[in-house]
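Undergrad: Here it is, the structure, as structure tokens.
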Amino acid sequence: MTTTQDTTTPSDKTSGVTYTPEDGLLLEVEDLYVEFHTPDGIATAINGVSFDLHQGESLAILGESGSGKSVTAQAIMGILDMPPAVIPGGHIRYCGQDLLSMPEDQRRRTRGPEVSMIFQDALSSLNPVFPVGWQIAEMFRMHRGVNKSDALEQAIRLMERVQIPAARDRVKAYPHQFSGGMRQRIMIAMAIALDPAVLIADEPTTALDVTVQAQIMALLDELQQERQMGLILITHDLGVVADVADRIAVMYAGRFVEKADVVELYSAPAHPYTRGLLESIPRLDQKGQTLAAIGGLPPNLMRIPPGCPFNPRCRRAEDVCRRDRPELREVVPGRFAACHFAEEVINA
Amino acid sequence: MGTYVIRRLLQMIPVILGATFLIFTMVFALPGDPLAGKCGERPCPPAYAAAFREKYNLNDPLPIQYGKYVGNLAQGDFGETTNGIKVIDQLKARYPITAQLALMALAFEAIIGITVGVFTGIRRGGFLDNLVLISTLVVISIPVFVVGGLSQYFLGVRLGLFPVTVTSANPTFYQLMLPAMVLGSISLAYISRLTRTSLVENLRSDYVRTATAKGLRRRRAVGLHALRNSLIPVVTFIGFDFGFLLGGAIVTEAIFNIPGVGGYLFRSIRARDGASVVGTVTVLVIVFLFVNLLVDLLYGLLDPRISHD
């Protein structure tokens, strides 16, 4: 007897397109630009960003608020509001296919089964009027055409997988009836429902308290190992990154200013901004001393200063920094930094 | 939920008492004599006048009169009009007409208002959006008797699309169409604006972004995820408006000569018919309170974050 529970209808349920990564290469972002056209002028949020992501790899994108890290994630996901956002240049290739030139309907079908995303605030990111199980089950129903009760059954299994206690009893509960950590687990369950190859986590633990943060990061790490997903972890928290990420890209004013292996970057940063970030982490052995902080504010994206965008805040800045913009270059093998004095910074 | 309903029902008792007492006092305080004109041009014979006053307790002081009235009310007796007809019978004949008019107005304002609100909300800033913003502003700022008169003249007399007035004691659906549209026009404007604002707000919400990130079609992200949330305040407004409409539309019923509760109340006030006025208002207050209770219960169903425990 054959079971045909996953009956598909031709319209939506099967994309008809299969994506196979070549040499494990999932995502290539190449020279990406994103602008916001506002009544006050054009804000350049992403200014020529490039990176690759492979199967089983985790890349952390680190930066302050407004550095463009979330916009990068949303551009990859294709959920920017356009307008006001405009992508004037660049490519985002998933398994060799350019997402930006893909027909919208084909691209939509990649969201969920291929590329998926977790947001910062799980309470506002979940729909308040639908039960959580229903919201997870929607993934199976809409993408795979699974019927309601089977989809709900799969949702329960996912809730159990992300360690929600008494999942079967809570499947009909609403988002507001869960704690912050449990809500984020539900977001994660929803994001991994269709076994995506790429998972983007946009500040997944920012809204949570510290003990819960660690649990959520451990869960993400575990799921990533288990499913060999490519993980993009967007955060401003250096502490969160260290355990999970393989590589780090530090973002400032819409550009990558440093890209490196996580261990190498922590031991010897190659950019004054990264150094400043690391120094501003409170440490127990410095108790009682004044905490180092980077002076000044990130630049207004409508008026990014000429030369190195970081120069007004940089202690090391010289005339050349105010005149010439440093490109991201390989300082030592495998280490990239956009600083005229990267060699000196890394050896300092 | 059950205790909530019981608590709400108990809360109605002081409201009903307060409302009836106020209206009873106001009718009592009105100048004039219910016996005036009762016997044609002449004053009524003393014997008749005495019997009349006795029957309607007119010789008692106000608190006694009110006490007797409430006592009857508690037994389901809404009193008699000065013509000796039971108030409840009068209402039984008229309330179905008012209710039909209210339901028609409600359907008109809800269906068109929500549709217009959704389309303008999706295409914010477009031609339709601006047209609706301006026309709703016009509708809201014009009094209902002007809208009624104008539509009666243009749609009824000049174009002949609708009957100008109601001519029978049992108006037909067709005869009530124009009055229902006039009656619903202001709420229609409010509903379309409320739907639009609410939808625009929800379209920007994080969970609609999540819906997009889930790979849902835009139609589903907007039409289900955003709209379901947007309709919470709209449905609440519609329910609240239904309570008002069931109170009878004095002006609209007068313009179109509709034999409903509104017109009856108006004539009773002019005739100094205290029993009719108080009886009718009591019924209207009770209906209004019940509709409000239903709206609050409905609100709990629409928004799971509201709990009635």
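Order determines the names: the first chain of the structure tokens is A, the second B, and so forth; residues in each chain are numbered 1 upward, and ligands are numbered 1 upward as they are shown.
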What are the residues of chain A that have an atom within 8 Å of an atom of chain B, counting only C-alpha atoms, as a PDB file with all heavy atoms, in the first residue's frame?
TA:
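Wrote it out as part-v2.pdb, contents follow:
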```pdb
ATOM      1  N   MET A  77      17.570  37.697   1.852  1.00  0.00           N
ATOM      2  CA  MET A  77      16.268  37.078   2.021  1.00  0.00           C
ATOM      3  C   MET A  77      15.253  37.610   1.007  1.00  0.00           C
ATOM      4  O   MET A  77      14.242  36.966   0.723  1.00  0.00           O
ATOM      5  CB  MET A  77      15.810  37.410   3.450  1.00  0.00           C
ATOM      6  CG  MET A  77      14.928  36.431   4.117  1.00  0.00           C
ATOM      7  SD  MET A  77      15.595  34.800   4.176  1.00  0.00           S
ATOM      8  CE  MET A  77      14.081  33.884   4.009  1.00  0.00           C
ATOM      9  N   GLY A  78      15.524  38.799   0.491  1.00  0.00           N
ATOM     10  CA  GLY A  78      14.572  39.401  -0.442  1.00  0.00           C
ATOM     11  C   GLY A  78      13.349  39.955   0.242  1.00  0.00           C
ATOM     12  O   GLY A  78      12.251  39.926  -0.300  1.00  0.00           O
ATOM     13  N   ILE A  79      13.515  40.467   1.464  1.00  0.00           N
ATOM     14  CA  ILE A  79      12.359  41.013   2.174  1.00  0.00           C
ATOM     15  C   ILE A  79      12.533  42.494   2.472  1.00  0.00           C
ATOM     16  O   ILE A  79      11.898  43.029   3.362  1.00  0.00           O
ATOM     17  CB  ILE A  79      12.093  40.239   3.485  1.00  0.00           C
ATOM     18  CG1 ILE A  79      13.347  40.211   4.345  1.00  0.00           C
ATOM     19  CG2 ILE A  79      11.612  38.847   3.203  1.00  0.00           C
ATOM     20  CD1 ILE A  79      13.110  39.674   5.736  1.00  0.00           C
ATOM     21  N   ARG A 108      10.401  33.656  -4.401  1.00  0.00           N
ATOM     22  CA  ARG A 108       9.554  33.443  -3.229  1.00  0.00           C
ATOM     23  C   ARG A 108       9.647  31.999  -2.759  1.00  0.00           C
ATOM     24  O   ARG A 108       9.691  31.721  -1.562  1.00  0.00           O
ATOM     25  CB  ARG A 108       8.104  33.783  -3.578  1.00  0.00           C
ATOM     26  CG  ARG A 108       7.118  33.473  -2.463  1.00  0.00           C
ATOM     27  CD  ARG A 108       5.708  33.843  -2.825  1.00  0.00           C
ATOM     28  NE  ARG A 108       5.175  33.070  -3.936  1.00  0.00           N
ATOM     29  CZ  ARG A 108       4.782  31.803  -3.846  1.00  0.00           C
ATOM     30  NH1 ARG A 108       4.850  31.165  -2.718  1.00  0.00           N
ATOM     31  NH2 ARG A 108       4.312  31.171  -4.910  1.00  0.00           N
ATOM     32  N   ARG A 109       9.683  31.068  -3.723  1.00  0.00           N
ATOM     33  CA  ARG A 109       9.714  29.650  -3.350  1.00  0.00           C
ATOM     34  C   ARG A 109      11.039  29.214  -2.744  1.00  0.00           C
ATOM     35  O   ARG A 109      11.140  28.113  -2.226  1.00  0.00           O
ATOM     36  CB  ARG A 109       9.407  28.796  -4.584  1.00  0.00           C
ATOM     37  CG  ARG A 109       7.956  28.927  -4.970  1.00  0.00           C
ATOM     38  CD  ARG A 109       7.708  28.227  -6.257  1.00  0.00           C
ATOM     39  NE  ARG A 109       6.602  28.852  -6.950  1.00  0.00           N
ATOM     40  CZ  ARG A 109       5.956  28.272  -7.953  1.00  0.00           C
ATOM     41  NH1 ARG A 109       6.323  27.095  -8.365  1.00  0.00           N
ATOM     42  NH2 ARG A 109       4.959  28.894  -8.520  1.00  0.00           N
ATOM     43  N   THR A 110      12.057  30.055  -2.835  1.00  0.00           N
ATOM     44  CA  THR A 110      13.312  29.714  -2.156  1.00  0.00           C
ATOM     45  C   THR A 110      13.234  30.070  -0.672  1.00  0.00           C
ATOM     46  O   THR A 110      13.987  29.551   0.126  1.00  0.00           O
ATOM     47  CB  THR A 110      14.518  30.461  -2.760  1.00  0.00           C
ATOM     48  OG1 THR A 110      14.356  31.865  -2.514  1.00  0.00           O
ATOM     49  CG2 THR A 110      14.644  30.211  -4.241  1.00  0.00           C
ATOM     50  N   ARG A 111      12.306  30.981  -0.330  1.00  0.00           N
ATOM     51  CA  ARG A 111      12.207  31.416   1.069  1.00  0.00           C
ATOM     52  C   ARG A 111      11.520  30.328   1.879  1.00  0.00           C
ATOM     53  O   ARG A 111      10.354  30.031   1.634  1.00  0.00           O
ATOM     54  CB  ARG A 111      11.401  32.707   1.177  1.00  0.00           C
ATOM     55  CG  ARG A 111      12.075  33.867   0.515  1.00  0.00           C
ATOM     56  CD  ARG A 111      11.273  35.144   0.706  1.00  0.00           C
ATOM     57  NE  ARG A 111      11.697  36.117  -0.271  1.00  0.00           N
ATOM     58  CZ  ARG A 111      10.890  36.744  -1.120  1.00  0.00           C
ATOM     59  NH1 ARG A 111       9.601  36.542  -1.086  1.00  0.00           N
ATOM     60  NH2 ARG A 111      11.379  37.600  -1.988  1.00  0.00           N
ATOM     61  N   GLY A 112      12.261  29.738   2.783  1.00  0.00           N
ATOM     62  CA  GLY A 112      11.681  28.636   3.542  1.00  0.00           C
ATOM     63  C   GLY A 112      12.405  27.348   3.233  1.00  0.00           C
ATOM     64  O   GLY A 112      13.138  26.834   4.075  1.00  0.00           O
ATOM     65  N   SER A 116      16.319  30.659   4.897  1.00  0.00           N
ATOM     66  CA  SER A 116      15.338  30.928   5.933  1.00  0.00           C
ATOM     67  C   SER A 116      15.915  31.908   6.941  1.00  0.00           C
ATOM     68  O   SER A 116      17.130  32.079   7.010  1.00  0.00           O
ATOM     69  CB  SER A 116      14.983  29.609   6.605  1.00  0.00           C
ATOM     70  OG  SER A 116      13.697  29.675   7.118  1.00  0.00           O
ATOM     71  N   MET A 117      15.040  32.520   7.719  1.00  0.00           N
ATOM     72  CA  MET A 117      15.528  33.591   8.590  1.00  0.00           C
ATOM     73  C   MET A 117      14.831  33.613   9.944  1.00  0.00           C
ATOM     74  O   MET A 117      13.646  33.335  10.059  1.00  0.00           O
ATOM     75  CB  MET A 117      15.318  34.936   7.879  1.00  0.00           C
ATOM     76  CG  MET A 117      15.906  36.121   8.596  1.00  0.00           C
ATOM     77  SD  MET A 117      16.213  37.471   7.433  1.00  0.00           S
ATOM     78  CE  MET A 117      16.604  38.784   8.553  1.00  0.00           C
ATOM     79  N   SER A 124       7.039  40.115  18.308  1.00  0.00           N
ATOM     80  CA  SER A 124       6.414  40.881  17.232  1.00  0.00           C
ATOM     81  C   SER A 124       6.551  40.176  15.891  1.00  0.00           C
ATOM     82  O   SER A 124       5.809  40.471  14.964  1.00  0.00           O
ATOM     83  CB  SER A 124       6.993  42.294  17.166  1.00  0.00           C
ATOM     84  OG  SER A 124       8.355  42.235  16.826  1.00  0.00           O
ATOM     85  N   SER A 125       7.490  39.236  15.791  1.00  0.00           N
ATOM     86  CA  SER A 125       7.682  38.556  14.514  1.00  0.00           C
ATOM     87  C   SER A 125       6.729  37.388  14.310  1.00  0.00           C
ATOM     88  O   SER A 125       6.599  36.881  13.207  1.00  0.00           O
ATOM     89  CB  SER A 125       9.117  38.049  14.386  1.00  0.00           C
ATOM     90  OG  SER A 125      10.004  39.131  14.429  1.00  0.00           O
ATOM     91  N   LEU A 126       6.085  36.961  15.377  1.00  0.00           N
ATOM     92  CA  LEU A 126       5.065  35.926  15.231  1.00  0.00           C
ATOM     93  C   LEU A 126       3.704  36.620  15.174  1.00  0.00           C
ATOM     94  O   LEU A 126       3.479  37.624  15.837  1.00  0.00           O
ATOM     95  CB  LEU A 126       5.106  34.963  16.415  1.00  0.00           C
ATOM     96  CG  LEU A 126       6.328  34.045  16.480  1.00  0.00           C
ATOM     97  CD1 LEU A 126       6.455  33.406  17.849  1.00  0.00           C
ATOM     98  CD2 LEU A 126       6.247  32.979  15.406  1.00  0.00           C
ATOM     99  N   ASN A 127       2.816  36.061  14.377  1.00  0.00           N
ATOM    100  CA  ASN A 127       1.494  36.672  14.253  1.00  0.00           C
ATOM    101  C   ASN A 127       0.697  36.432  15.543  1.00  0.00           C
ATOM    102  O   ASN A 127       0.511  35.284  15.949  1.00  0.00           O
ATOM    103  CB  ASN A 127       0.768  36.074  13.054  1.00  0.00           C
ATOM    104  CG  ASN A 127      -0.417  36.907  12.644  1.00  0.00           C
ATOM    105  OD1 ASN A 127      -1.125  37.461  13.492  1.00  0.00           O
ATOM    106  ND2 ASN A 127      -0.637  37.040  11.361  1.00  0.00           N
ATOM    107  N   PRO A 128       0.239  37.518  16.192  1.00  0.00           N
ATOM    108  CA  PRO A 128      -0.391  37.373  17.508  1.00  0.00           C
ATOM    109  C   PRO A 128      -1.730  36.634  17.500  1.00  0.00           C
ATOM    110  O   PRO A 128      -2.153  36.144  18.543  1.00  0.00           O
ATOM    111  CB  PRO A 128      -0.593  38.821  17.964  1.00  0.00           C
ATOM    112  CG  PRO A 128      -0.586  39.632  16.721  1.00  0.00           C
ATOM    113  CD  PRO A 128       0.341  38.923  15.777  1.00  0.00           C
ATOM    114  N   VAL A 129      -2.378  36.530  16.358  1.00  0.00           N
ATOM    115  CA  VAL A 129      -3.738  35.979  16.360  1.00  0.00           C
ATOM    116  C   VAL A 129      -3.822  34.534  15.872  1.00  0.00           C
ATOM    117  O   VAL A 129      -4.915  33.982  15.782  1.00  0.00           O
ATOM    118  CB  VAL A 129      -4.714  36.853  15.540  1.00  0.00           C
ATOM    119  CG1 VAL A 129      -4.767  38.257  16.116  1.00  0.00           C
ATOM    120  CG2 VAL A 129      -4.340  36.886  14.082  1.00  0.00           C
ATOM    121  N   MET A 139       4.126  26.392   6.982  1.00  0.00           N
ATOM    122  CA  MET A 139       5.255  26.128   6.093  1.00  0.00           C
ATOM    123  C   MET A 139       5.006  24.861   5.271  1.00  0.00           C
ATOM    124  O   MET A 139       5.212  24.845   4.061  1.00  0.00           O
ATOM    125  CB  MET A 139       6.548  25.947   6.897  1.00  0.00           C
ATOM    126  CG  MET A 139       6.976  27.164   7.694  1.00  0.00           C
ATOM    127  SD  MET A 139       7.342  28.579   6.666  1.00  0.00           S
ATOM    128  CE  MET A 139       9.011  28.250   6.143  1.00  0.00           C
ATOM    129  N   MET A 142       1.761  25.382   2.867  1.00  0.00           N
ATOM    130  CA  MET A 142       1.888  26.270   1.714  1.00  0.00           C
ATOM    131  C   MET A 142       2.979  25.820   0.744  1.00  0.00           C
ATOM    132  O   MET A 142       2.855  25.978  -0.452  1.00  0.00           O
ATOM    133  CB  MET A 142       2.169  27.705   2.189  1.00  0.00           C
ATOM    134  CG  MET A 142       1.006  28.327   2.922  1.00  0.00           C
ATOM    135  SD  MET A 142      -0.473  28.361   1.884  1.00  0.00           S
ATOM    136  CE  MET A 142      -1.652  27.586   2.977  1.00  0.00           C
ATOM    137  N   HIS A 143       4.082  25.281   1.271  1.00  0.00           N
ATOM    138  CA  HIS A 143       5.180  24.911   0.373  1.00  0.00           C
ATOM    139  C   HIS A 143       5.086  23.479  -0.126  1.00  0.00           C
ATOM    140  O   HIS A 143       5.536  23.158  -1.207  1.00  0.00           O
ATOM    141  CB  HIS A 143       6.530  25.103   1.085  1.00  0.00           C
ATOM    142  CG  HIS A 143       6.943  26.530   1.200  1.00  0.00           C
ATOM    143  ND1 HIS A 143       7.529  27.234   0.174  1.00  0.00           N
ATOM    144  CD2 HIS A 143       6.851  27.415   2.226  1.00  0.00           C
ATOM    145  CE1 HIS A 143       7.790  28.474   0.561  1.00  0.00           C
ATOM    146  NE2 HIS A 143       7.373  28.607   1.809  1.00  0.00           N
ATOM    147  N   TYR A 174      -1.058  30.530  21.851  1.00  0.00           N
ATOM    148  CA  TYR A 174      -0.704  31.709  21.055  1.00  0.00           C
ATOM    149  C   TYR A 174       0.660  32.257  21.492  1.00  0.00           C
ATOM    150  O   TYR A 174       1.086  32.007  22.627  1.00  0.00           O
ATOM    151  CB  TYR A 174      -1.785  32.775  21.230  1.00  0.00           C
ATOM    152  CG  TYR A 174      -3.088  32.375  20.589  1.00  0.00           C
ATOM    153  CD1 TYR A 174      -4.054  31.676  21.300  1.00  0.00           C
ATOM    154  CD2 TYR A 174      -3.324  32.666  19.245  1.00  0.00           C
ATOM    155  CE1 TYR A 174      -5.236  31.276  20.699  1.00  0.00           C
ATOM    156  CE2 TYR A 174      -4.504  32.279  18.639  1.00  0.00           C
ATOM    157  CZ  TYR A 174      -5.464  31.583  19.366  1.00  0.00           C
ATOM    158  OH  TYR A 174      -6.611  31.197  18.756  1.00  0.00           O
ATOM    159  N   HIS A 176       1.783  34.995  22.676  1.00  0.00           N
ATOM    160  CA  HIS A 176       1.916  35.750  23.918  1.00  0.00           C
ATOM    161  C   HIS A 176       1.877  34.852  25.150  1.00  0.00           C
ATOM    162  O   HIS A 176       2.153  35.301  26.254  1.00  0.00           O
ATOM    163  CB  HIS A 176       0.827  36.826  24.007  1.00  0.00           C
ATOM    164  CG  HIS A 176      -0.549  36.273  24.261  1.00  0.00           C
ATOM    165  ND1 HIS A 176      -1.358  35.838  23.243  1.00  0.00           N
ATOM    166  CD2 HIS A 176      -1.234  36.073  25.398  1.00  0.00           C
ATOM    167  CE1 HIS A 176      -2.488  35.398  23.748  1.00  0.00           C
ATOM    168  NE2 HIS A 176      -2.449  35.520  25.057  1.00  0.00           N
ATOM    169  N   ALA A 191      11.674  28.350  11.066  1.00  0.00           N
ATOM    170  CA  ALA A 191      12.707  28.627  10.063  1.00  0.00           C
ATOM    171  C   ALA A 191      13.347  27.349   9.535  1.00  0.00           C
ATOM    172  O   ALA A 191      13.709  27.270   8.362  1.00  0.00           O
ATOM    173  CB  ALA A 191      13.769  29.553  10.651  1.00  0.00           C
TER     174      ALA A 191
END
```
Undergrad: Identify, on the basis of only C-alpha atoms, every residue whose closest approach to A:Ala214 does not exceed 10 Å; exclude the query and any residue fewer than 6 positions from it along the same chain; express the result as an MDAnalysis selection string.
TA: chainID A and resid 205 208 220 240 243
Undergrad: Within 6 Å of A:Val198, counting only C-alpha atoms, which residues qualify if same-chain residues fewer than 3 places away don't, as a count of residues only?
TA: 4
Undergrad: Write out as JSON, numbers by chain the set of residues from stretch 235-337 of chain A that DSSP, computed on the backbone, places in helix (DSSP H, G or I).
TA: {"A": [238, 239, 240, 241, 242, 243, 244, 262, 263, 264, 265, 266, 267, 272, 273, 274, 275, 276, 277, 278, 279, 284, 285, 286, 311, 312, 313, 319, 320, 321, 322, 323]}
Undergrad: Please identify all polymer residues within 12 Å of A:Gln215, counting only C-alpha atoms, omitting same-chain residues fewer than 3 positions from it, and present them as a PyMOL selection string.
TA: chain A and resi 162-163+180-182+184-185+204-205+208-212+218-222+240
Undergrad: Kindly save the residues from that selection, with all heavy atoms included, as a short mmCIF file (atom, residue, chain, number, x, y, z; two decimals), in the first residue's frame.
TA:
```cif
data_model
loop_
_atom_site.label_atom_id
_atom_site.label_comp_id
_atom_site.auth_asym_id
_atom_site.auth_seq_id
_atom_site.Cartn_x
_atom_site.Cartn_y
_atom_site.Cartn_z
N VAL A 162 13.02 21.48 18.96
CA VAL A 162 13.65 22.69 19.51
C VAL A 162 13.42 22.77 21.03
O VAL A 162 13.57 23.84 21.62
CB VAL A 162 13.17 23.98 18.81
CG1 VAL A 162 13.58 23.99 17.36
CG2 VAL A 162 11.67 24.15 18.94
N GLN A 163 13.05 21.64 21.61
CA GLN A 163 12.98 21.48 23.07
C GLN A 163 11.94 22.37 23.74
O GLN A 163 12.21 23.01 24.75
CB GLN A 163 14.36 21.70 23.69
CG GLN A 163 15.36 20.63 23.31
CD GLN A 163 16.76 21.21 23.13
OE1 GLN A 163 17.11 22.19 23.77
NE2 GLN A 163 17.54 20.61 22.25
N GLY A 180 9.95 34.50 26.37
CA GLY A 180 10.78 34.99 25.28
C GLY A 180 11.62 33.91 24.64
O GLY A 180 11.70 33.80 23.41
N GLY A 181 12.25 33.09 25.47
CA GLY A 181 13.11 32.03 24.94
C GLY A 181 12.31 31.00 24.15
O GLY A 181 12.73 30.54 23.10
N MET A 182 11.12 30.64 24.68
CA MET A 182 10.27 29.66 23.99
C MET A 182 9.78 30.20 22.65
O MET A 182 9.68 29.48 21.68
CB MET A 182 9.09 29.28 24.89
CG MET A 182 9.47 28.42 26.07
SD MET A 182 10.21 26.86 25.53
CE MET A 182 11.41 26.62 26.82
N GLN A 184 11.38 32.32 20.80
CA GLN A 184 12.48 32.28 19.83
C GLN A 184 12.67 30.84 19.34
O GLN A 184 12.99 30.63 18.18
CB GLN A 184 13.76 32.86 20.45
CG GLN A 184 14.85 33.19 19.46
CD GLN A 184 14.41 34.15 18.36
OE1 GLN A 184 13.74 33.76 17.41
NE2 GLN A 184 14.77 35.41 18.48
N ARG A 185 12.42 29.87 20.20
CA ARG A 185 12.49 28.47 19.77
C ARG A 185 11.44 28.20 18.70
O ARG A 185 11.68 27.43 17.76
CB ARG A 185 12.28 27.52 20.95
CG ARG A 185 13.49 27.45 21.86
CD ARG A 185 13.19 26.66 23.12
NE ARG A 185 14.21 26.93 24.13
CZ ARG A 185 15.31 26.20 24.27
NH1 ARG A 185 15.52 25.17 23.50
NH2 ARG A 185 16.20 26.53 25.18
N PRO A 204 19.48 36.93 17.01
CA PRO A 204 18.47 36.03 17.57
C PRO A 204 18.36 36.07 19.08
O PRO A 204 17.36 35.64 19.63
CB PRO A 204 18.94 34.64 17.11
CG PRO A 204 20.41 34.78 16.90
CD PRO A 204 20.62 36.18 16.42
N THR A 205 19.37 36.60 19.75
CA THR A 205 19.34 36.54 21.22
C THR A 205 19.31 37.92 21.87
O THR A 205 19.35 38.01 23.10
CB THR A 205 20.57 35.78 21.75
OG1 THR A 205 21.74 36.45 21.31
CG2 THR A 205 20.59 34.36 21.25
N LEU A 208 16.76 38.59 24.60
CA LEU A 208 16.63 37.57 25.64
C LEU A 208 17.61 37.82 26.78
O LEU A 208 18.64 38.46 26.59
CB LEU A 208 16.90 36.19 25.04
CG LEU A 208 16.05 35.83 23.83
CD1 LEU A 208 16.53 34.53 23.23
CD2 LEU A 208 14.59 35.73 24.21
N ASP A 209 17.30 37.26 27.95
CA ASP A 209 18.28 37.43 29.02
C ASP A 209 19.40 36.40 28.89
O ASP A 209 19.31 35.43 28.14
CB ASP A 209 17.62 37.44 30.40
CG ASP A 209 16.82 36.21 30.69
OD1 ASP A 209 17.35 35.13 30.41
OD2 ASP A 209 15.69 36.35 31.18
N VAL A 210 20.48 36.65 29.60
CA VAL A 210 21.76 36.02 29.29
C VAL A 210 21.71 34.49 29.33
O VAL A 210 22.23 33.82 28.45
CB VAL A 210 22.86 36.55 30.23
CG1 VAL A 210 24.19 35.95 29.86
CG2 VAL A 210 22.92 38.05 30.14
N THR A 211 21.05 33.93 30.34
CA THR A 211 21.03 32.47 30.42
C THR A 211 20.28 31.87 29.24
O THR A 211 20.68 30.85 28.68
CB THR A 211 20.36 32.00 31.73
OG1 THR A 211 19.15 32.73 31.89
CG2 THR A 211 21.25 32.22 32.92
N VAL A 212 19.19 32.54 28.86
CA VAL A 212 18.41 32.05 27.72
C VAL A 212 19.21 32.23 26.43
O VAL A 212 19.17 31.37 25.55
CB VAL A 212 17.05 32.77 27.67
CG1 VAL A 212 16.22 32.23 26.54
CG2 VAL A 212 16.31 32.61 28.97
N ALA A 218 23.21 27.65 21.81
CA ALA A 218 23.58 26.23 21.81
C ALA A 218 22.65 25.45 20.88
O ALA A 218 23.10 24.57 20.13
CB ALA A 218 23.50 25.68 23.22
N LEU A 219 21.36 25.80 20.91
CA LEU A 219 20.40 25.12 20.05
C LEU A 219 20.71 25.38 18.57
O LEU A 219 20.72 24.45 17.75
CB LEU A 219 18.98 25.59 20.38
CG LEU A 219 17.87 25.04 19.49
CD1 LEU A 219 17.72 23.54 19.67
CD2 LEU A 219 16.55 25.75 19.76
N LEU A 220 21.00 26.64 18.25
CA LEU A 220 21.32 26.98 16.87
C LEU A 220 22.56 26.23 16.40
O LEU A 220 22.61 25.70 15.29
CB LEU A 220 21.56 28.50 16.73
CG LEU A 220 20.33 29.37 16.55
CD1 LEU A 220 20.73 30.82 16.53
CD2 LEU A 220 19.60 29.00 15.27
N ASP A 221 23.56 26.18 17.27
CA ASP A 221 24.80 25.50 16.95
C ASP A 221 24.54 24.02 16.68
O ASP A 221 25.00 23.47 15.68
CB ASP A 221 25.76 25.67 18.15
CG ASP A 221 27.18 25.35 17.76
OD1 ASP A 221 27.53 25.55 16.58
OD2 ASP A 221 27.95 24.90 18.63
N GLU A 222 23.75 23.42 17.54
CA GLU A 222 23.43 22.01 17.43
C GLU A 222 22.67 21.71 16.14
O GLU A 222 22.99 20.77 15.41
CB GLU A 222 22.55 21.69 18.65
CG GLU A 222 22.28 20.25 18.92
CD GLU A 222 21.31 20.16 20.10
OE1 GLU A 222 21.56 20.82 21.13
OE2 GLU A 222 20.29 19.47 19.97
N VAL A 240 28.52 36.57 21.94
CA VAL A 240 27.65 35.59 21.33
C VAL A 240 28.36 34.86 20.19
O VAL A 240 28.19 33.67 19.97
CB VAL A 240 26.36 36.30 20.82
CG1 VAL A 240 25.61 35.44 19.83
CG2 VAL A 240 25.47 36.66 21.99
#
```
Undergrad: Please list as a PyMOL selection string every residue within 8 Å of A:Glu279, counting only C-alpha atoms and excluding residues in the same chain fewer than 3 positions away.
TA: chain A and resi 275-276+282+292-293
Undergrad: Quick one: distance from atom CA of A:Leu328 to atom CA of A:Lys259 in Å, one decimal?
TA: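 A separation of 8.6 Å between them.
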Undergrad: Could you give me, as JSON lines, a per-residue list for stretch 57-149 of chain B showing, wherever an atom lies at most 12 Å from an atom of stretch 3-19 of chain B, the closest pair of atoms and their distance in Å to one decimal, using only C-alpha atoms and sorting by chain then residue number from low to high?
TA:
```
{"residue": "B:Tyr66", "atom": "CA", "partner": "B:Leu17", "partner_atom": "CA", "distance": 10.1}
{"residue": "B:Gly67", "atom": "CA", "partner": "B:Leu17", "partner_atom": "CA", "distance": 10.5}
{"residue": "B:Tyr69", "atom": "CA", "partner": "B:Leu17", "partner_atom": "CA", "distance": 10.9}
{"residue": "B:Val70", "atom": "CA", "partner": "B:Leu17", "partner_atom": "CA", "distance": 8.1}
{"residue": "B:Gly71", "atom": "CA", "partner": "B:Leu17", "partner_atom": "CA", "distance": 11.3}
{"residue": "B:Leu73", "atom": "CA", "partner": "B:Leu17", "partner_atom": "CA", "distance": 10.4}
{"residue": "B:Ala74", "atom": "CA", "partner": "B:Leu17", "partner_atom": "CA", "distance": 10.7}
```
Undergrad: I'd like to know which residues of stretch 16-232 of chain A are strand (DSSP E) (by DSSP, run on the backbone); could you write them as a PyMOL selection string?
TA: chain A and resi 25-38+41-54+58-62+85-94+97-98+115-118+198-202+230-232
Undergrad: Just the number, please: distance in Å from atom CA of A:Leu53 to atom CA of A:Arg247, one decimal.
TA: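 Spanning atom CA of A:Leu53 to atom CA of A:Arg247 is a straight-line distance of 9.9 Å.
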Undergrad: Given only C-alpha atoms as the basis, pick out the residue of A:Glu318, A:Glu330, A:Asp285, A:Asp246 nearest to A:Glu57.
TA: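 Among the listed residues, A:Asp246 lies closest to A:Glu57.
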Undergrad: Please list as a list in words every residue within 8 Å of A:Phe336, counting only C-alpha atoms and excluding residues in the same chain fewer than 4 positions away.
TA: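 Near A:Phe336, the qualifying residues are Val257, Glu258, Lys259, Ala260, Ala270, Leu328, Arg329, Glu330, Val331 and Val332 of chain A.
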